[in-house]
Structure formats: structure tokens, C-alpha cells
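Listing of input.pdb, PDB, C-alpha atoms
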ATOM      1  CA  SER A  13    -116.363 116.271  22.073  1.00  0.00           C
ATOM      2  CA  GLN A  14    -114.816 116.943  18.694  1.00  0.00           C
ATOM      3  CA  GLN A  15    -111.193 117.937  18.641  1.00  0.00           C
ATOM      4  CA  GLY A  16    -111.042 119.493  15.175  1.00  0.00           C
ATOM      5  CA  GLU A  17    -113.115 121.988  13.311  1.00  0.00           C
ATOM      6  CA  GLU A  18    -112.702 122.345   9.598  1.00  0.00           C
ATOM      7  CA  ASP A  19    -113.381 125.140   7.257  1.00  0.00           C
ATOM      8  CA  PRO A  20    -114.855 125.692   4.901  1.00  0.00           C
ATOM      9  CA  GLN A  21    -117.760 123.334   5.566  1.00  0.00           C
ATOM     10  CA  ALA A  22    -118.256 123.086   1.815  1.00  0.00           C
ATOM     11  CA  LEU A  23    -116.123 123.996  -1.173  1.00  0.00           C
ATOM     12  CA  SER A  24    -116.966 123.942  -4.871  1.00  0.00           C
ATOM     13  CA  ILE A  25    -114.239 124.392  -7.495  1.00  0.00           C
ATOM     14  CA  GLN A  26    -113.601 123.765 -11.160  1.00  0.00           C
ATOM     15  CA  GLU A  27    -111.539 120.804 -12.278  1.00  0.00           C
ATOM     16  CA  GLY A  28    -107.875 121.763 -12.497  1.00  0.00           C
ATOM     17  CA  GLU A  29    -108.058 124.314  -9.680  1.00  0.00           C
ATOM     18  CA  ASN A  30    -106.413 123.848  -6.312  1.00  0.00           C
ATOM     19  CA  ALA A  31    -108.472 123.081  -3.203  1.00  0.00           C
ATOM     20  CA  THR A  32    -107.432 124.137   0.279  1.00  0.00           C
ATOM     21  CA  MET A  33    -109.170 123.075   3.452  1.00  0.00           C
ATOM     22  CA  ASN A  34    -108.226 123.894   7.011  1.00  0.00           C
ATOM     23  CA  CYS A  35    -108.440 122.123  10.331  1.00  0.00           C
ATOM     24  CA  SER A  36    -108.165 123.792  13.711  1.00  0.00           C
ATOM     25  CA  TYR A  37    -107.949 121.899  16.967  1.00  0.00           C
ATOM     26  CA  LYS A  38    -108.145 122.821  20.616  1.00  0.00           C
ATOM     27  CA  THR A  39    -105.501 120.933  22.598  1.00  0.00           C
ATOM     28  CA  SER A  40    -101.958 119.719  21.948  1.00  0.00           C
ATOM     29  CA  ILE A  41    -101.684 116.738  19.639  1.00  0.00           C
ATOM     30  CA  ASN A  42     -99.248 113.985  18.787  1.00  0.00           C
ATOM     31  CA  ASN A  43    -100.266 113.289  15.196  1.00  0.00           C
ATOM     32  CA  LEU A  44    -102.712 114.679  12.675  1.00  0.00           C
ATOM     33  CA  GLN A  45    -104.161 112.634   9.846  1.00  0.00           C
ATOM     34  CA  TRP A  46    -106.333 113.462   6.859  1.00  0.00           C
ATOM     35  CA  TYR A  47    -108.973 111.087   5.529  1.00  0.00           C
ATOM     36  CA  ARG A  48    -111.261 111.167   2.514  1.00  0.00           C
ATOM     37  CA  GLN A  49    -114.798 109.775   2.425  1.00  0.00           C
ATOM     38  CA  ASN A  50    -116.670 109.291  -0.812  1.00  0.00           C
ATOM     39  CA  SER A  51    -120.427 109.329  -0.584  1.00  0.00           C
ATOM     40  CA  GLY A  52    -121.769 106.114   0.923  1.00  0.00           C
ATOM     41  CA  ARG A  53    -118.305 104.671   1.486  1.00  0.00           C
ATOM     42  CA  GLY A  54    -115.846 104.254   4.332  1.00  0.00           C
ATOM     43  CA  LEU A  55    -112.976 106.608   5.072  1.00  0.00           C
ATOM     44  CA  VAL A  56    -109.668 106.324   3.281  1.00  0.00           C
ATOM     45  CA  HIS A  57    -106.425 107.408   4.934  1.00  0.00           C
ATOM     46  CA  LEU A  58    -104.562 110.052   2.916  1.00  0.00           C
ATOM     47  CA  ILE A  59    -101.621 111.308   4.921  1.00  0.00           C
ATOM     48  CA  LEU A  60    -100.245 111.554   8.467  1.00  0.00           C
ATOM     49  CA  ILE A  61     -98.145 114.377   9.846  1.00  0.00           C
ATOM     50  CA  ARG A  62     -96.445 114.217  13.236  1.00  0.00           C
ATOM     51  CA  SER A  63     -96.410 117.125  15.655  1.00  0.00           C
ATOM     52  CA  ASN A  64     -92.693 117.743  15.036  1.00  0.00           C
ATOM     53  CA  GLU A  65     -93.202 118.019  11.268  1.00  0.00           C
ATOM     54  CA  ARG A  66     -94.267 121.187   9.463  1.00  0.00           C
ATOM     55  CA  GLU A  67     -95.036 119.993   5.966  1.00  0.00           C
ATOM     56  CA  LYS A  68     -95.575 116.762   4.121  1.00  0.00           C
ATOM     57  CA  HIS A  69     -96.300 115.843   0.513  1.00  0.00           C
ATOM     58  CA  SER A  70     -97.930 112.844  -1.094  1.00  0.00           C
ATOM     59  CA  GLY A  71     -98.619 113.033  -4.827  1.00  0.00           C
ATOM     60  CA  ARG A  72    -100.992 115.963  -5.368  1.00  0.00           C
ATOM     61  CA  LEU A  73    -101.507 116.415  -1.627  1.00  0.00           C
ATOM     62  CA  ARG A  74     -99.647 118.876   0.549  1.00  0.00           C
ATOM     63  CA  VAL A  75    -100.271 119.052   4.274  1.00  0.00           C
ATOM     64  CA  THR A  76     -98.966 121.698   6.625  1.00  0.00           C
ATOM     65  CA  LEU A  77     -99.081 121.768  10.401  1.00  0.00           C
ATOM     66  CA  ASP A  78     -98.675 124.812  12.627  1.00  0.00           C
ATOM     67  CA  THR A  79     -98.718 123.644  16.227  1.00  0.00           C
ATOM     68  CA  SER A  80     -98.388 127.202  17.552  1.00  0.00           C
ATOM     69  CA  LYS A  81    -101.699 128.068  15.875  1.00  0.00           C
ATOM     70  CA  LYS A  82    -103.155 124.598  16.432  1.00  0.00           C
ATOM     71  CA  SER A  83    -104.059 124.300  12.790  1.00  0.00           C
ATOM     72  CA  SER A  84    -103.391 122.237   9.692  1.00  0.00           C
ATOM     73  CA  SER A  85    -104.197 122.665   6.042  1.00  0.00           C
ATOM     74  CA  LEU A  86    -104.680 120.187   3.223  1.00  0.00           C
ATOM     75  CA  LEU A  87    -103.967 121.372  -0.305  1.00  0.00           C
ATOM     76  CA  ILE A  88    -105.063 119.297  -3.284  1.00  0.00           C
ATOM     77  CA  THR A  89    -103.431 120.542  -6.457  1.00  0.00           C
ATOM     78  CA  ALA A  90    -104.841 120.195  -9.975  1.00  0.00           C
ATOM     79  CA  SER A  91    -108.127 118.831  -8.702  1.00  0.00           C
ATOM     80  CA  ARG A  92    -110.083 116.162 -10.554  1.00  0.00           C
ATOM     81  CA  ALA A  93    -113.758 115.251 -10.514  1.00  0.00           C
ATOM     82  CA  ALA A  94    -112.747 112.066  -8.670  1.00  0.00           C
ATOM     83  CA  ASP A  95    -111.550 114.214  -5.747  1.00  0.00           C
ATOM     84  CA  THR A  96    -115.195 115.028  -4.971  1.00  0.00           C
ATOM     85  CA  ALA A  97    -115.632 113.750  -1.412  1.00  0.00           C
ATOM     86  CA  SER A  98    -115.717 114.797   2.236  1.00  0.00           C
ATOM     87  CA  TYR A  99    -112.361 115.354   3.876  1.00  0.00           C
ATOM     88  CA  PHE A 100    -111.770 114.924   7.599  1.00  0.00           C
ATOM     89  CA  CYS A 101    -108.811 115.741   9.789  1.00  0.00           C
ATOM     90  CA  ALA A 102    -108.186 113.445  12.739  1.00  0.00           C
ATOM     91  CA  THR A 103    -106.020 114.089  15.775  1.00  0.00           C
ATOM     92  CA  ASP A 104    -104.692 112.127  18.705  1.00  0.00           C
ATOM     93  CA  ARG A 105    -102.918 113.020  21.914  1.00  0.00           C
ATOM     94  CA  GLY A 106    -100.423 110.203  21.922  1.00  0.00           C
ATOM     95  CA  GLY A 107    -100.122 106.764  23.443  1.00  0.00           C
ATOM     96  CA  TYR A 108    -103.203 104.630  23.137  1.00  0.00           C
ATOM     97  CA  GLN A 109    -105.584 107.549  23.259  1.00  0.00           C
ATOM     98  CA  LYS A 110    -108.317 107.665  20.691  1.00  0.00           C
ATOM     99  CA  VAL A 111    -108.298 109.438  17.367  1.00  0.00           C
ATOM    100  CA  THR A 112    -110.908 112.201  17.112  1.00  0.00           C
ATOM    101  CA  PHE A 113    -112.282 113.384  13.781  1.00  0.00           C
ATOM    102  CA  GLY A 114    -112.958 116.962  12.801  1.00  0.00           C
ATOM    103  CA  THR A 115    -116.226 118.248  11.397  1.00  0.00           C
ATOM    104  CA  GLY A 116    -115.188 117.745   7.764  1.00  0.00           C
ATOM    105  CA  THR A 117    -115.112 119.703   4.519  1.00  0.00           C
ATOM    106  CA  LYS A 118    -117.319 118.640   1.627  1.00  0.00           C
ATOM    107  CA  LEU A 119    -115.467 119.216  -1.637  1.00  0.00           C
ATOM    108  CA  GLN A 120    -117.177 119.275  -5.005  1.00  0.00           C
ATOM    109  CA  VAL A 121    -114.994 119.369  -8.123  1.00  0.00           C
ATOM    110  CA  ILE A 122    -116.968 120.375 -11.196  1.00  0.00           C
ATOM    111  CA  PRO A 123    -115.783 118.831 -14.484  1.00  0.00           C
TER     112      PRO A 123
ATOM    113  CA  ASP B  30    -112.161  97.332  -2.920  1.00  0.00           C
ATOM    114  CA  THR B  31    -111.722  97.818   0.799  1.00  0.00           C
ATOM    115  CA  GLU B  32    -109.639  95.412   2.855  1.00  0.00           C
ATOM    116  CA  VAL B  33    -112.092  95.577   5.749  1.00  0.00           C
ATOM    117  CA  THR B  34    -115.330  93.777   4.965  1.00  0.00           C
ATOM    118  CA  GLN B  35    -118.559  94.638   6.734  1.00  0.00           C
ATOM    119  CA  THR B  36    -121.823  92.737   6.561  1.00  0.00           C
ATOM    120  CA  PRO B  37    -124.626  93.361   6.026  1.00  0.00           C
ATOM    121  CA  LYS B  38    -124.422  96.549   3.944  1.00  0.00           C
ATOM    122  CA  HIS B  39    -127.938  97.547   4.936  1.00  0.00           C
ATOM    123  CA  LEU B  40    -130.062  96.527   7.897  1.00  0.00           C
ATOM    124  CA  VAL B  41    -133.588  97.477   8.854  1.00  0.00           C
ATOM    125  CA  MET B  42    -134.786  96.325  12.246  1.00  0.00           C
ATOM    126  CA  GLY B  43    -137.537  96.964  14.723  1.00  0.00           C
ATOM    127  CA  MET B  44    -136.885  98.230  18.216  1.00  0.00           C
ATOM    128  CA  THR B  45    -137.443  94.786  19.722  1.00  0.00           C
ATOM    129  CA  ASN B  46    -135.211  92.856  17.337  1.00  0.00           C
ATOM    130  CA  LYS B  47    -131.759  91.420  17.992  1.00  0.00           C
ATOM    131  CA  LYS B  48    -129.238  91.563  15.202  1.00  0.00           C
ATOM    132  CA  SER B  49    -125.485  91.603  14.727  1.00  0.00           C
ATOM    133  CA  LEU B  50    -123.091  93.549  12.547  1.00  0.00           C
ATOM    134  CA  LYS B  51    -119.958  91.783  11.379  1.00  0.00           C
ATOM    135  CA  CYS B  52    -116.518  93.047  10.418  1.00  0.00           C
ATOM    136  CA  GLU B  53    -113.561  91.081   9.069  1.00  0.00           C
ATOM    137  CA  GLN B  54    -109.986  91.971   8.147  1.00  0.00           C
ATOM    138  CA  HIS B  55    -107.080  89.794   7.038  1.00  0.00           C
ATOM    139  CA  MET B  56    -104.283  92.340   7.203  1.00  0.00           C
ATOM    140  CA  GLY B  57    -102.933  91.038  10.507  1.00  0.00           C
ATOM    141  CA  HIS B  58    -104.048  94.189  12.283  1.00  0.00           C
ATOM    142  CA  ARG B  59    -104.288  93.941  16.057  1.00  0.00           C
ATOM    143  CA  ALA B  60    -106.561  96.920  16.723  1.00  0.00           C
ATOM    144  CA  MET B  61    -110.175  97.118  15.593  1.00  0.00           C
ATOM    145  CA  TYR B  62    -112.743  99.860  15.996  1.00  0.00           C
ATOM    146  CA  TRP B  63    -116.458 100.543  15.808  1.00  0.00           C
ATOM    147  CA  TYR B  64    -117.651 104.036  14.818  1.00  0.00           C
ATOM    148  CA  LYS B  65    -121.120 105.529  14.450  1.00  0.00           C
ATOM    149  CA  GLN B  66    -121.641 108.160  11.787  1.00  0.00           C
ATOM    150  CA  LYS B  67    -124.775 110.260  11.374  1.00  0.00           C
ATOM    151  CA  ALA B  68    -125.485 112.053   8.114  1.00  0.00           C
ATOM    152  CA  LYS B  69    -123.188 115.012   7.403  1.00  0.00           C
ATOM    153  CA  LYS B  70    -121.252 114.372  10.643  1.00  0.00           C
ATOM    154  CA  PRO B  71    -117.820 112.905  11.394  1.00  0.00           C
ATOM    155  CA  PRO B  72    -117.440 109.347  12.689  1.00  0.00           C
ATOM    156  CA  GLU B  73    -117.802 109.024  16.456  1.00  0.00           C
ATOM    157  CA  LEU B  74    -115.788 106.361  18.207  1.00  0.00           C
ATOM    158  CA  MET B  75    -117.767 103.687  20.056  1.00  0.00           C
ATOM    159  CA  PHE B  76    -115.312 100.893  20.922  1.00  0.00           C
ATOM    160  CA  VAL B  77    -111.673  99.951  20.459  1.00  0.00           C
ATOM    161  CA  TYR B  78    -110.281  96.427  20.709  1.00  0.00           C
ATOM    162  CA  SER B  79    -106.566  95.879  21.031  1.00  0.00           C
ATOM    163  CA  TYR B  80    -105.206  92.336  20.838  1.00  0.00           C
ATOM    164  CA  GLU B  81    -108.780  91.060  21.139  1.00  0.00           C
ATOM    165  CA  LYS B  82    -109.376  92.855  24.424  1.00  0.00           C
ATOM    166  CA  LEU B  83    -111.726  95.806  24.871  1.00  0.00           C
ATOM    167  CA  SER B  84    -109.511  98.844  25.305  1.00  0.00           C
ATOM    168  CA  ILE B  85    -111.900 101.786  24.976  1.00  0.00           C
ATOM    169  CA  ASN B  86    -115.649 102.018  25.492  1.00  0.00           C
ATOM    170  CA  GLU B  87    -116.888 105.546  24.847  1.00  0.00           C
ATOM    171  CA  SER B  88    -119.763 105.216  27.309  1.00  0.00           C
ATOM    172  CA  VAL B  89    -121.877 103.475  24.716  1.00  0.00           C
ATOM    173  CA  PRO B  90    -125.359 102.332  25.864  1.00  0.00           C
ATOM    174  CA  SER B  91    -125.568  98.656  26.770  1.00  0.00           C
ATOM    175  CA  ARG B  92    -127.962  97.977  23.902  1.00  0.00           C
ATOM    176  CA  PHE B  93    -124.746  97.886  21.824  1.00  0.00           C
ATOM    177  CA  SER B  94    -122.531  94.932  22.749  1.00  0.00           C
ATOM    178  CA  PRO B  95    -119.183  94.427  21.002  1.00  0.00           C
ATOM    179  CA  GLU B  96    -117.396  91.130  20.643  1.00  0.00           C
ATOM    180  CA  CYS B  97    -113.990  90.216  19.232  1.00  0.00           C
ATOM    181  CA  PRO B  98    -113.936  86.416  18.735  1.00  0.00           C
ATOM    182  CA  ASN B  99    -110.452  86.450  17.182  1.00  0.00           C
ATOM    183  CA  SER B 100    -107.923  88.845  15.738  1.00  0.00           C
ATOM    184  CA  SER B 101    -109.678  88.995  12.352  1.00  0.00           C
ATOM    185  CA  LEU B 102    -113.287  89.383  13.425  1.00  0.00           C
ATOM    186  CA  LEU B 103    -115.271  92.044  15.202  1.00  0.00           C
ATOM    187  CA  ASN B 104    -118.988  91.900  15.904  1.00  0.00           C
ATOM    188  CA  LEU B 105    -121.471  94.434  17.195  1.00  0.00           C
ATOM    189  CA  HIS B 106    -124.559  92.904  18.761  1.00  0.00           C
ATOM    190  CA  LEU B 107    -127.669  95.070  18.735  1.00  0.00           C
ATOM    191  CA  HIS B 108    -130.695  94.758  20.974  1.00  0.00           C
ATOM    192  CA  ALA B 109    -133.636  97.028  21.768  1.00  0.00           C
ATOM    193  CA  LEU B 110    -132.311  99.901  19.687  1.00  0.00           C
ATOM    194  CA  GLN B 111    -133.949 103.308  19.464  1.00  0.00           C
ATOM    195  CA  PRO B 112    -134.804 105.310  16.325  1.00  0.00           C
ATOM    196  CA  GLU B 113    -131.930 107.692  17.079  1.00  0.00           C
ATOM    197  CA  ASP B 114    -129.542 104.764  16.643  1.00  0.00           C
ATOM    198  CA  SER B 115    -130.201 104.846  12.913  1.00  0.00           C
ATOM    199  CA  ALA B 116    -126.824 105.655  11.346  1.00  0.00           C
ATOM    200  CA  LEU B 117    -123.918 104.328   9.324  1.00  0.00           C
ATOM    201  CA  TYR B 118    -121.811 101.971  11.453  1.00  0.00           C
ATOM    202  CA  LEU B 119    -118.203 101.812  10.391  1.00  0.00           C
ATOM    203  CA  CYS B 120    -115.599  99.260  11.329  1.00  0.00           C
ATOM    204  CA  ALA B 121    -111.896 100.038  11.077  1.00  0.00           C
ATOM    205  CA  SER B 122    -108.615  98.297  11.814  1.00  0.00           C
ATOM    206  CA  SER B 123    -105.008  99.350  12.284  1.00  0.00           C
ATOM    207  CA  ARG B 124    -101.689  97.637  12.913  1.00  0.00           C
ATOM    208  CA  GLY B 125    -101.820  98.705  16.519  1.00  0.00           C
ATOM    209  CA  GLN B 126    -103.784 101.052  18.700  1.00  0.00           C
ATOM    210  CA  GLY B 127    -102.733 104.680  18.719  1.00  0.00           C
ATOM    211  CA  GLY B 128    -102.905 107.697  16.488  1.00  0.00           C
ATOM    212  CA  ILE B 129     -99.641 106.975  14.702  1.00  0.00           C
ATOM    213  CA  GLN B 130    -101.321 104.020  13.010  1.00  0.00           C
ATOM    214  CA  PRO B 131    -103.525 104.837  10.003  1.00  0.00           C
ATOM    215  CA  GLN B 132    -106.922 103.208  10.177  1.00  0.00           C
ATOM    216  CA  HIS B 133    -108.420 101.150   7.368  1.00  0.00           C
ATOM    217  CA  PHE B 134    -112.187 101.432   7.140  1.00  0.00           C
ATOM    218  CA  GLY B 135    -114.888  99.203   5.779  1.00  0.00           C
ATOM    219  CA  ASP B 136    -117.774 100.681   3.792  1.00  0.00           C
ATOM    220  CA  GLY B 137    -120.107 100.382   6.726  1.00  0.00           C
ATOM    221  CA  THR B 138    -123.518  99.019   7.561  1.00  0.00           C
ATOM    222  CA  ARG B 139    -126.382 101.447   7.094  1.00  0.00           C
ATOM    223  CA  LEU B 140    -128.774 100.744   9.945  1.00  0.00           C
ATOM    224  CA  SER B 141    -132.367 101.898  10.073  1.00  0.00           C
ATOM    225  CA  ILE B 142    -134.488 101.430  13.193  1.00  0.00           C
ATOM    226  CA  LEU B 143    -138.232 101.384  12.659  1.00  0.00           C
TER     227      LEU B 143
END

Output the structure of this file as C-alpha cells.
Amino acid sequence: SQQGEEDPQALSIQEGENATMNCSYKTSINNLQWYRQNSGRGLVHLILIRSNEREKHSGRLRVTLDTSKKSSSLLITASRAADTASYFCATDRGGYQKVTFGTGTKLQVIP
Amino acid sequence: DTEVTQTPKHLVMGMTNKKSLKCEQHMGHRAMYWYKQKAKKPPELMFVYSYEKLSINESVPSRFSPECPNSSLLNLHLHALQPEDSALYLCASSRGQGGIQPQHFGDGTRLSIL
């Protein structure tokens, strides 16, 4: 069963705007990752946030984690057409347990 | 360019055929994964190998048979597949098993079962 659910399912914005997508999960986690998938390609790791962290930045990406609400958000600032892709959160429960992917958000950035 | 190479990129096979998917990485990673991804869905884990030993099998039907000949190679042998097995099959690797290790994905093999 899927651990994470993301919303919105789809998001369309103009180039230069910010994009925010959310991930909610059901049980306690150890780490949460965000991945990007361009159409017809494999997934690319973007950022990892541990359960004891609240916020993390990487370039134009900002990730927050609220373990009390079992949710995370990914903010992409100053979006570009090249950011058009599907974005997935992925969670694990520690140790050697598997990583489970959320349902994904499909982002379209219009030039 | 991805650092995980999957071949072939596309595969069409009949339900009685036997074929294999191949995955290769040269990053020194010790964990390797097979995922199945249907259109507009997230990847679903099938198998995990850690140090060349099968660590996780997500109750995958026996018509899918994984093999890890060495630390750089991962195969998925296919036999007597069903039309519902048509999907994108993704291979991934990571330094070690566990969610703290980011996974590196190949671009997948798009499999169609006739």
C-alpha cells in the first residue's frame, strides 16, 4: 500500500511563479525524500529530509517536514519550463525497510 | 545521462516468450532495486538486492525472476507474462539499503506484452 498521498495531483503555473506541492503520509517515518521524473525517464533524487529536521534547502528547492501533521511540502521557486515533470515524495520507516513512493504531482510550467 | 544503464529500452514479447531485462551500475553501490511503474502511477517496489543477496521480495509472481550475478549487474528474467505486466520497469541502485540512501534510477525498460 502507498505510504504517501500528494496534492495537488496536477499543477499548471507560469514560468517564474513558485510551485508548491504537498505530501501526506500515514505512519511514522525515518526519512522523506523528493524525486523528479521527466516524461519517459527514470526518477532523479532531489532532496532528503530526516524526521528530526524541519526544513531543508537546495538551490531553488525548499522542503519542509511536519511530523506532527505527517506532512511535507516541496516548494520550487522561480519555476522554469525545464521543471515540468512529475514529483514524488518517498518515505521509509528506518533500518532496511523499503522506500515507498507517494502518488505524485504532475507539474506543468508554461513558458 | 544516467549512471544506471538499462537494456533494452523497449521490449515487446508474447505471453509464451522468455526474455531478460538488464541493469548495470559502476558507482560501487551495494544495493540494487527493481520497480514496476504503470502509467500515471508511482513506482512499486518488486525486489531489493543488498550485497548481491535478495533482501526484499514484495510477493512478486514467480514469472518474474531476479538475478544479481555481481555487484554491478542486476537482471530480471521474464517468462509467461500476462498483458497486465505491461509497464515501465525501472532499476535503481544506492550505496546501501535503507531510506537514508538516495536511489539512482535508470531510464527503464518499457515492456509490452501481446

Which protein, DNA or RNA residues are at most 8 Å from (-114.2, 94.3, 6.5) in the file's coordinates when you count only C-alpha atoms, listed as JSON, numbers by chain? {"B": [31, 32, 33, 34, 35, 36, 51, 52, 53, 54, 120, 121, 134, 135, 136]}

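Evaluated on this file, the PyMOL selection byres ((chain A) within 7 of (chain B)) matches Asn43, Arg53, Gly54, Leu55, Val56, His57, Asp104, Gly106, Gly107, Tyr108, Gln109, Lys110, Val111, Phe113, Gly114, Thr115 and Gly116 of chain A.
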
Written file, previous selection with C-alpha atoms, as a tab-separated table (two decimals), in the frame of the given file:
chain	number	residue	atom	x	y	z
A	43	ASN	CA	-100.27	113.29	15.20
A	53	ARG	CA	-118.30	104.67	1.49
A	54	GLY	CA	-115.85	104.25	4.33
A	55	LEU	CA	-112.98	106.61	5.07
A	56	VAL	CA	-109.67	106.32	3.28
A	57	HIS	CA	-106.42	107.41	4.93
A	104	ASP	CA	-104.69	112.13	18.70
A	106	GLY	CA	-100.42	110.20	21.92
A	107	GLY	CA	-100.12	106.76	23.44
A	108	TYR	CA	-103.20	104.63	23.14
A	109	GLN	CA	-105.58	107.55	23.26
A	110	LYS	CA	-108.32	107.66	20.69
A	111	VAL	CA	-108.30	109.44	17.37
A	113	PHE	CA	-112.28	113.38	13.78
A	114	GLY	CA	-112.96	116.96	12.80
A	115	THR	CA	-116.23	118.25	11.40
A	116	GLY	CA	-115.19	117.74	7.76

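Within the file as shown, the PyMOL selection byres ((chain A and resi 30-39) around 8) identifies A:Gln15, A:Gly16, A:Glu17, A:Glu18, A:Asp19, A:Pro20, A:Leu23, A:Ile25, A:Gly28, A:Glu29, A:Ser40, A:Ile41, A:Lys82, A:Ser83, A:Ser84, A:Ser85, A:Leu86, A:Leu87, A:Ile88, A:Thr89, A:Ala90, A:Ser91, A:Cys101, A:Gly114, A:Thr117.
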
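When all atoms listed in the file are used to compute distances to His106 (chain B), the closest of the residues B:His58, B:His39, B:Arg92, B:Lys82 turns out to be B:Arg92.
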
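Considering all atoms listed in the file, the residue among A:Val75, A:Leu119, A:Leu60, A:Leu44 positioned nearest to Thr103 (chain A) is A:Leu44.
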
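Separating CA of Arg74 (chain A) from CA of Trp46 (chain A) is a distance of 10.7 Å.
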
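Atom pair CA of Met61 (chain B) / CA of Tyr78 (chain B) has a distance of 5.2 Å (rounded to one decimal).
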
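One finds CA of Arg48 (chain A) at 21.2 Å from CA of Arg105 (chain A).
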
- Just so the selection is clear, what residues does the PyMOL selection byres ((chain B and resi 111) around 12) cover here, as JSON, numbers by chain? {"B": [42, 43, 44, 45, 46, 90, 92, 93, 107, 108, 109, 110, 112, 113, 114, 115, 116, 140, 141, 142, 143]}
